[in-house]
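Engineer: Let me give you the structure first, and then I'll get to my questions.
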Amino acid sequence: MRDLDVICLGEALIDFVALQSGVSLIEAQDFHKAAGGAPANVAVGLARLGARPAFIGKVGDEPFGQVLKKTLDDNGVDTTGMVLDPNARTGLAFVSLTETGERDFVFFRNPSADMTFRPDELAEELIPRAHILHYGSISLIDEPARTTTLRAIELAREAGALLSYDPNLRLNLWPSLERACEGLREGLAHADVLKVSEEELYLLTGIDDREQAAWELLDQGIQLVAVTMGAEGCDCFIPHAQVRIHGHHVEAVDTTGAGDGFVAGMLAGILPAWRQGRRPGDLECEELDPICTYANAVGALTTTVRGAIPALPTADQVEAFLVENPMGV
Ligand code: ADP
């Protein structure tokens, strides 16, 4: 029985976000503690949109890991597959927004609990219960988390689930650019649905033309490629169609989590058809268009409040926003 919509597998971290904007991490003095980690954000995003998500991953059994579990629980995410390890420490990320609007990141992972997630800790029984498995590339960087992620992917594939991948590139976590490209491609090899930035698209394909690169990935068997472009919205490709949807105009205060909000919106949009066995690659252009508009709206709303999880909108908020802003600008 598939009583879960999406399992989000990977890292849950605590982000310490600099309270001052326009500063580097050297200059920042005060930080706000926020639950984060892309797969955890996507899980909360999906719950707010009314889907039934679960999170699978490992944190430390200390206050930071406990806060993450509580945040997911309070948001209605199934955490039965979340491991709290008394011998490990939750990953921490310190983040500031520099003057140029870029995010300055430092990760504390020496190693962090998510990196030490072992195959024997994987709640295998959860996987066949879900329609979709969503994963990223951070859990593919280090062993044993990499083997655990690949095992989950294998089980999801055997169970007939759809595989959704957001590489979520963090170059400084990889030992080299070459290993990053290999790792990003390892995740890609199993994906049905892909959300990428233009930089990731280039690293995945070696092609620096967005459209050509996306068509190349569809030729390789990916069913749906969504290229997100910040305020400009997204370019979405399926084998027989391409839709370009402009972003919504909002007063953006913090773009953290916009991509995760977008993924939550896109998966929530794909789910009704997929539950009936219709593959994303077989959607009509007229169906893809509102899915992308919806995902853009979730992404846009996520930028209007500081932090990722506090900003992720509910289904009612997205619907109300779309009544006022039916199309992107
Ligand atoms: P990521 O956070 O993964 O880098 P993007 O920055 O491309 O991803 O953002 C994902 C989506 O969120 C975009 O496709 C867009 O729909 C929305 N979005 C992001 N930034 C803005 C913005 N400043 N204004 C409106 N929408 C935005």
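Please note that chains go A, B, ... in the order of the structure tokens, that every chain numbers its residues from 1, and that ligands are numbered from 1 in the order shown.
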Please report, as CSV, each residue of chain A lying at most 8 Å from ligand 1, together with the nearest pair of atoms and the separation in Å rounded to one decimal; use only C-alpha atoms and all ligand atoms, and order rows by chain and ascending residue number.

Structural biologist:
residue,atom,partner,partner_atom_place_in_ligand_line,distance
A:Asn168,CA,ligand 1,3 (O),6.6
A:Val196,CA,ligand 1,3 (O),7.2
A:Ser197,CA,ligand 1,7 (O),6.1
A:Val227,CA,ligand 1,14 (O),7.3
A:Thr228,CA,ligand 1,14 (O),3.9
A:Met229,CA,ligand 1,7 (O),4.0
A:Gly230,CA,ligand 1,7 (O),3.5
A:Ala231,CA,ligand 1,22 (C),3.5
A:Glu232,CA,ligand 1,15 (C),6.5
A:Gly233,CA,ligand 1,14 (O),4.0
A:Cys234,CA,ligand 1,14 (O),4.7
A:His246,CA,ligand 1,16 (O),7.6
A:Gly247,CA,ligand 1,26 (N),4.9
A:His248,CA,ligand 1,25 (C),4.9
A:His249,CA,ligand 1,25 (C),5.4
A:Val250,CA,ligand 1,24 (N),5.4
A:Glu251,CA,ligand 1,24 (N),7.2
A:Ala252,CA,ligand 1,23 (N),5.1
A:Thr255,CA,ligand 1,20 (N),5.6
A:Thr256,CA,ligand 1,2 (O),6.1
A:Gly257,CA,ligand 1,2 (O),5.4
A:Ala258,CA,ligand 1,2 (O),4.3
A:Gly259,CA,ligand 1,3 (O),3.4
A:Asp260,CA,ligand 1,3 (O),6.4
A:Gly261,CA,ligand 1,12 (O),6.9
A:Phe262,CA,ligand 1,11 (C),5.2
A:Thr293,CA,ligand 1,16 (O),7.9
A:Ala295,CA,ligand 1,16 (O),6.4
A:Asn296,CA,ligand 1,16 (O),3.3
A:Ala297,CA,ligand 1,16 (O),6.2
A:Val298,CA,ligand 1,12 (O),7.0
A:Gly299,CA,ligand 1,12 (O),3.4
A:Ala300,CA,ligand 1,26 (N),3.5
A:Leu301,CA,ligand 1,26 (N),7.2
A:Thr302,CA,ligand 1,12 (O),7.4
A:Thr303,CA,ligand 1,21 (C),6.1

Engineer: Nearest to Leu122 (chain A): which of A:Thr98, A:Asn172, A:Gln276, A:Thr80 is it, counting only C-alpha atoms?

Structural biologist: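 That would be A:Thr80, the residue with the smallest distance to Leu122 (chain A).
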
Engineer: Apply DSSP to the backbone of this structure and, from region 43-224 of chain A, keep only the residues in strand (DSSP E or B); write these as a PyMOL selection string.

Structural biologist: chain A and resi 53-60+78+82-85+92-97+103-108+130-136+162-166+193-196+224

Engineer: For the residues in that selection, give me N, CA and C atoms as a CSV table (one decimal), in the first residue's frame.

Structural biologist:
chain,number,residue,atom,x,y,z
A,53,PRO,N,4.6,13.5,3.1
A,53,PRO,CA,6.0,13.2,3.0
A,53,PRO,C,6.6,12.4,4.2
A,54,ALA,N,7.7,11.8,3.9
A,54,ALA,CA,8.5,11.2,5.0
A,54,ALA,C,10.0,11.7,4.8
A,55,PHE,N,10.7,11.8,5.9
A,55,PHE,CA,12.1,12.1,5.8
A,55,PHE,C,12.9,10.9,6.2
A,56,ILE,N,14.0,10.5,5.5
A,56,ILE,CA,14.9,9.5,5.9
A,56,ILE,C,16.3,10.1,5.9
A,57,GLY,N,17.0,10.0,7.1
A,57,GLY,CA,18.3,10.5,7.2
A,57,GLY,C,18.8,10.4,8.6
A,58,LYS,N,20.0,10.8,8.9
A,58,LYS,CA,20.6,10.6,10.2
A,58,LYS,C,21.1,11.9,10.8
A,59,VAL,N,20.8,12.2,12.1
A,59,VAL,CA,21.2,13.3,12.8
A,59,VAL,C,21.8,12.9,14.1
A,60,GLY,N,22.5,13.8,14.8
A,60,GLY,CA,23.0,13.4,16.2
A,60,GLY,C,21.9,13.4,17.2
A,78,ASP,N,6.6,12.4,8.2
A,78,ASP,CA,6.8,11.1,8.9
A,78,ASP,C,8.3,11.0,9.1
A,82,MET,N,14.0,8.3,10.5
A,82,MET,CA,15.0,9.3,10.9
A,82,MET,C,15.8,8.6,12.0
A,83,VAL,N,17.1,8.6,11.9
A,83,VAL,CA,18.0,8.0,12.9
A,83,VAL,C,18.6,9.1,13.8
A,84,LEU,N,18.5,9.0,15.1
A,84,LEU,CA,19.2,9.9,16.0
A,84,LEU,C,20.3,9.1,16.7
A,85,ASP,N,21.5,9.4,16.4
A,85,ASP,CA,22.7,8.7,16.9
A,85,ASP,C,23.4,9.4,18.0
A,92,LEU,N,26.4,21.1,10.7
A,92,LEU,CA,26.0,22.6,10.9
A,92,LEU,C,26.5,23.3,9.7
A,93,ALA,N,25.7,24.3,9.3
A,93,ALA,CA,26.2,25.2,8.2
A,93,ALA,C,26.0,26.6,8.6
A,94,PHE,N,27.1,27.4,8.5
A,94,PHE,CA,27.0,28.8,8.8
A,94,PHE,C,26.9,29.6,7.5
A,95,VAL,N,25.9,30.5,7.4
A,95,VAL,CA,25.6,31.1,6.1
A,95,VAL,C,25.5,32.6,6.3
A,96,SER,N,26.0,33.4,5.4
A,96,SER,CA,25.7,34.8,5.4
A,96,SER,C,25.4,35.3,4.0
A,97,LEU,N,24.7,36.4,3.9
A,97,LEU,CA,24.4,36.9,2.5
A,97,LEU,C,25.4,38.1,2.3
A,103,ARG,N,25.6,33.8,-1.3
A,103,ARG,CA,25.6,33.2,0.0
A,103,ARG,C,27.0,32.8,0.3
A,104,ASP,N,27.5,33.1,1.5
A,104,ASP,CA,28.8,32.7,2.0
A,104,ASP,C,28.5,31.5,2.9
A,105,PHE,N,29.1,30.3,2.7
A,105,PHE,CA,28.8,29.1,3.4
A,105,PHE,C,30.0,28.5,4.1
A,106,VAL,N,29.9,28.1,5.3
A,106,VAL,CA,30.9,27.2,5.9
A,106,VAL,C,30.2,26.0,6.6
A,107,PHE,N,30.6,24.8,6.2
A,107,PHE,CA,30.0,23.6,6.8
A,107,PHE,C,30.8,23.0,7.8
A,108,PHE,N,30.2,22.5,8.9
A,108,PHE,CA,30.9,21.7,9.9
A,108,PHE,C,30.5,20.3,9.8
A,130,ALA,N,6.1,4.5,-0.7
A,130,ALA,CA,6.0,5.9,-1.3
A,130,ALA,C,5.9,5.9,-2.8
A,131,HIS,N,5.2,6.9,-3.3
A,131,HIS,CA,5.1,7.1,-4.8
A,131,HIS,C,6.4,7.6,-5.4
A,132,ILE,N,7.1,8.4,-4.6
A,132,ILE,CA,8.3,9.1,-5.1
A,132,ILE,C,9.4,9.0,-4.1
A,133,LEU,N,10.6,8.8,-4.6
A,133,LEU,CA,11.8,9.0,-3.8
A,133,LEU,C,12.6,10.2,-4.3
A,134,HIS,N,12.8,11.2,-3.4
A,134,HIS,CA,13.5,12.4,-3.8
A,134,HIS,C,14.9,12.4,-3.0
A,135,TYR,N,15.9,12.7,-3.8
A,135,TYR,CA,17.3,12.7,-3.2
A,135,TYR,C,18.1,13.8,-3.8
A,136,GLY,N,19.3,14.0,-3.2
A,136,GLY,CA,20.2,15.0,-3.7
A,136,GLY,C,21.6,14.4,-3.9
A,162,LEU,N,8.8,6.7,-8.5
A,162,LEU,CA,9.4,7.7,-9.4
A,162,LEU,C,10.6,8.3,-8.6
A,163,LEU,N,11.7,8.5,-9.3
A,163,LEU,CA,12.9,9.0,-8.7
A,163,LEU,C,13.1,10.5,-9.1
A,164,SER,N,13.2,11.3,-8.1
A,164,SER,CA,13.4,12.8,-8.3
A,164,SER,C,14.7,13.2,-7.7
A,165,TYR,N,15.5,14.0,-8.5
A,165,TYR,CA,16.8,14.3,-8.1
A,165,TYR,C,17.1,15.8,-8.2
A,166,ASP,N,17.6,16.4,-7.1
A,166,ASP,CA,18.1,17.8,-7.2
A,166,ASP,C,19.5,17.8,-6.7
A,193,VAL,N,13.1,12.5,-12.7
A,193,VAL,CA,12.7,13.9,-12.7
A,193,VAL,C,13.9,14.7,-12.1
A,194,LEU,N,14.3,15.8,-12.8
A,194,LEU,CA,15.5,16.5,-12.4
A,194,LEU,C,15.2,18.0,-12.2
A,195,LYS,N,15.7,18.5,-11.1
A,195,LYS,CA,15.6,20.0,-10.9
A,195,LYS,C,17.1,20.5,-10.9
A,196,VAL,N,17.4,21.4,-11.8
A,196,VAL,CA,18.8,21.8,-11.9
A,196,VAL,C,18.9,23.3,-12.0
A,224,LEU,N,11.7,14.4,-17.1
A,224,LEU,CA,11.4,15.8,-17.0
A,224,LEU,C,12.6,16.6,-16.4

Engineer: What is the distance between CA of Ala264 (chain A) and CA of Val42 (chain A), in Å to one decimal?

Structural biologist: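 Value for the CA of Ala264 (chain A)-CA of Val42 (chain A) distance: 5.3 Å.
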
Engineer: Taking into account only C-alpha atoms, which residue in the set A:Leu140, A:Leu126, A:Cys292, A:Val253 is nearest to Gly307 (chain A)?

Structural biologist: A:Val253

Engineer: How many Å separate CA of Pro39 (chain A) from CA of Asp120 (chain A)?

Structural biologist: 20.4 Å

Engineer: Counting only C-alpha atoms, which of A:Phe16, A:Phe237, A:Phe321, A:Phe64 gets nearest to His32 (chain A)?

Structural biologist: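 The answer is A:Phe16, which sits nearest to His32 (chain A).
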
Engineer: Find the nearest atom pair between each residue of region 31-56 of chain A and region 66-76 of chain A for residues within 10 Å, count only C-alpha atoms, give distances in Å to one decimal, sort rows by chain and ascending number, and present the table as CSV.

Structural biologist:
residue,atom,partner,partner_atom,distance
A:Ala34,CA,A:Leu68,CA,9.0
A:Ala35,CA,A:Leu68,CA,5.9
A:Gly36,CA,A:Leu68,CA,8.0
A:Gly37,CA,A:Leu68,CA,9.8
A:Ala40,CA,A:Leu72,CA,7.6
A:Asn41,CA,A:Leu72,CA,9.0
A:Ala43,CA,A:Leu72,CA,7.9
A:Val44,CA,A:Asn75,CA,6.2
A:Gly45,CA,A:Asn75,CA,9.1
A:Leu46,CA,A:Gly76,CA,9.6
A:Ala47,CA,A:Gly76,CA,6.1
A:Arg48,CA,A:Asn75,CA,7.3
A:Gly50,CA,A:Gly76,CA,9.5
A:Ala51,CA,A:Gly76,CA,9.6
A:Arg52,CA,A:Gly76,CA,8.0
A:Pro53,CA,A:Gly76,CA,8.0
A:Ala54,CA,A:Gly76,CA,8.8
A:Phe55,CA,A:Leu72,CA,8.0

Engineer: Counting only C-alpha atoms, which residue out of A:Pro167, A:Pro119, A:Gly81, A:Gly160 sits closest to Arg279 (chain A)?

Structural biologist: A:Gly160

Engineer: Please list as a PyMOL selection string every residue within 12 Å of Thr116 (chain A), counting only C-alpha atoms and excluding residues in the same chain fewer than 5 positions away.

Structural biologist: chain A and resi 10-11+57-60+83-85+87-91+109-111+121-122+139-149

Engineer: Using DSSP on the backbone, list every residue of region 72-275 of chain A that comes out as alpha helix (DSSP H), and give them as a PyMOL selection string.

Structural biologist: chain A and resi 72-74+145-158+177-188+198-205+210-219+258-275

Engineer: Output C-alpha atoms for every residue in the selection just made, as a tab-separated table (two decimals), in the first residue's frame.

Structural biologist:
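Wrote selection_39.tsv, looks like this:
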chain	number	residue	atom	x	y	z
A	72	LEU	CA	9.76	17.74	10.91
A	73	ASP	CA	7.27	16.10	13.31
A	74	ASP	CA	5.53	19.40	14.04
A	145	ALA	CA	26.00	7.61	3.23
A	146	ARG	CA	26.64	7.12	-0.50
A	147	THR	CA	26.02	3.35	-0.39
A	148	THR	CA	22.93	3.92	1.77
A	149	THR	CA	21.55	6.44	-0.74
A	150	LEU	CA	22.21	4.09	-3.66
A	151	ARG	CA	20.50	1.25	-1.77
A	152	ALA	CA	17.41	3.41	-1.18
A	153	ILE	CA	17.39	4.33	-4.88
A	154	GLU	CA	17.62	0.66	-5.85
A	155	LEU	CA	14.72	-0.28	-3.54
A	156	ALA	CA	12.59	2.59	-4.84
A	157	ARG	CA	13.27	1.55	-8.42
A	158	GLU	CA	12.34	-2.08	-7.64
A	177	LEU	CA	35.64	19.53	-9.33
A	178	GLU	CA	36.22	16.24	-11.11
A	179	ARG	CA	34.78	14.21	-8.20
A	180	ALA	CA	31.84	16.64	-8.02
A	181	CYS	CA	31.05	16.05	-11.70
A	182	GLU	CA	31.31	12.28	-11.25
A	183	GLY	CA	29.12	12.38	-8.12
A	184	LEU	CA	26.52	14.62	-9.75
A	185	ARG	CA	26.36	12.21	-12.67
A	186	GLU	CA	26.06	9.19	-10.39
A	187	GLY	CA	22.85	10.69	-9.00
A	188	LEU	CA	21.64	11.53	-12.47
A	198	GLU	CA	22.19	26.29	-15.22
A	199	GLU	CA	25.59	25.65	-13.59
A	200	GLU	CA	24.56	22.11	-12.60
A	201	LEU	CA	23.22	21.51	-16.09
A	202	TYR	CA	26.60	22.42	-17.51
A	203	LEU	CA	28.51	20.19	-15.06
A	204	LEU	CA	26.16	17.28	-15.77
A	205	THR	CA	26.40	17.49	-19.55
A	210	ARG	CA	20.61	25.41	-21.65
A	211	GLU	CA	18.24	23.98	-24.25
A	212	GLN	CA	20.78	21.69	-25.88
A	213	ALA	CA	21.89	20.38	-22.49
A	214	ALA	CA	18.31	19.72	-21.36
A	215	TRP	CA	17.46	17.86	-24.59
A	216	GLU	CA	20.62	15.81	-24.17
A	217	LEU	CA	19.43	14.71	-20.71
A	218	LEU	CA	16.01	13.79	-22.11
A	219	ASP	CA	17.78	11.72	-24.77
A	258	ALA	CA	13.65	28.82	-2.98
A	259	GLY	CA	14.87	25.80	-4.96
A	260	ASP	CA	13.54	23.42	-2.30
A	261	GLY	CA	10.18	25.20	-2.36
A	262	PHE	CA	10.19	24.89	-6.14
A	263	VAL	CA	10.86	21.11	-5.90
A	264	ALA	CA	8.07	20.68	-3.34
A	265	GLY	CA	5.67	22.56	-5.65
A	266	MET	CA	6.75	20.58	-8.70
A	267	LEU	CA	6.42	17.19	-6.98
A	268	ALA	CA	3.05	18.17	-5.50
A	269	GLY	CA	1.99	19.09	-9.04
A	270	ILE	CA	3.21	15.84	-10.60
A	271	LEU	CA	1.73	13.61	-7.89
A	272	PRO	CA	-1.96	13.44	-8.94
A	273	ALA	CA	-1.07	12.13	-12.41
A	274	TRP	CA	1.71	9.85	-11.13
A	275	ARG	CA	-0.59	8.29	-8.51

Engineer: Excluding Glu319 (chain A) and its own-chain neighbours fewer than 5 positions away, which residues fall within 10 Å of it when counting only C-alpha atoms? Please give them as a list in words.

Structural biologist: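 That gives Tyr294, Ala297, Val298, Pro313, Thr314, Glu324, Asn325 and Pro326 of chain A.
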
Engineer: Go through A:Val225, A:Glu62, A:Ser176, A:Ala311 one by one, measure the shortest atom-to-atom distance of each to Ala113 (chain A) using only C-alpha atoms, and give the residue with the smallest value.

Structural biologist: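 Residue with the minimum atom-to-atom distance to Ala113 (chain A): A:Glu62.
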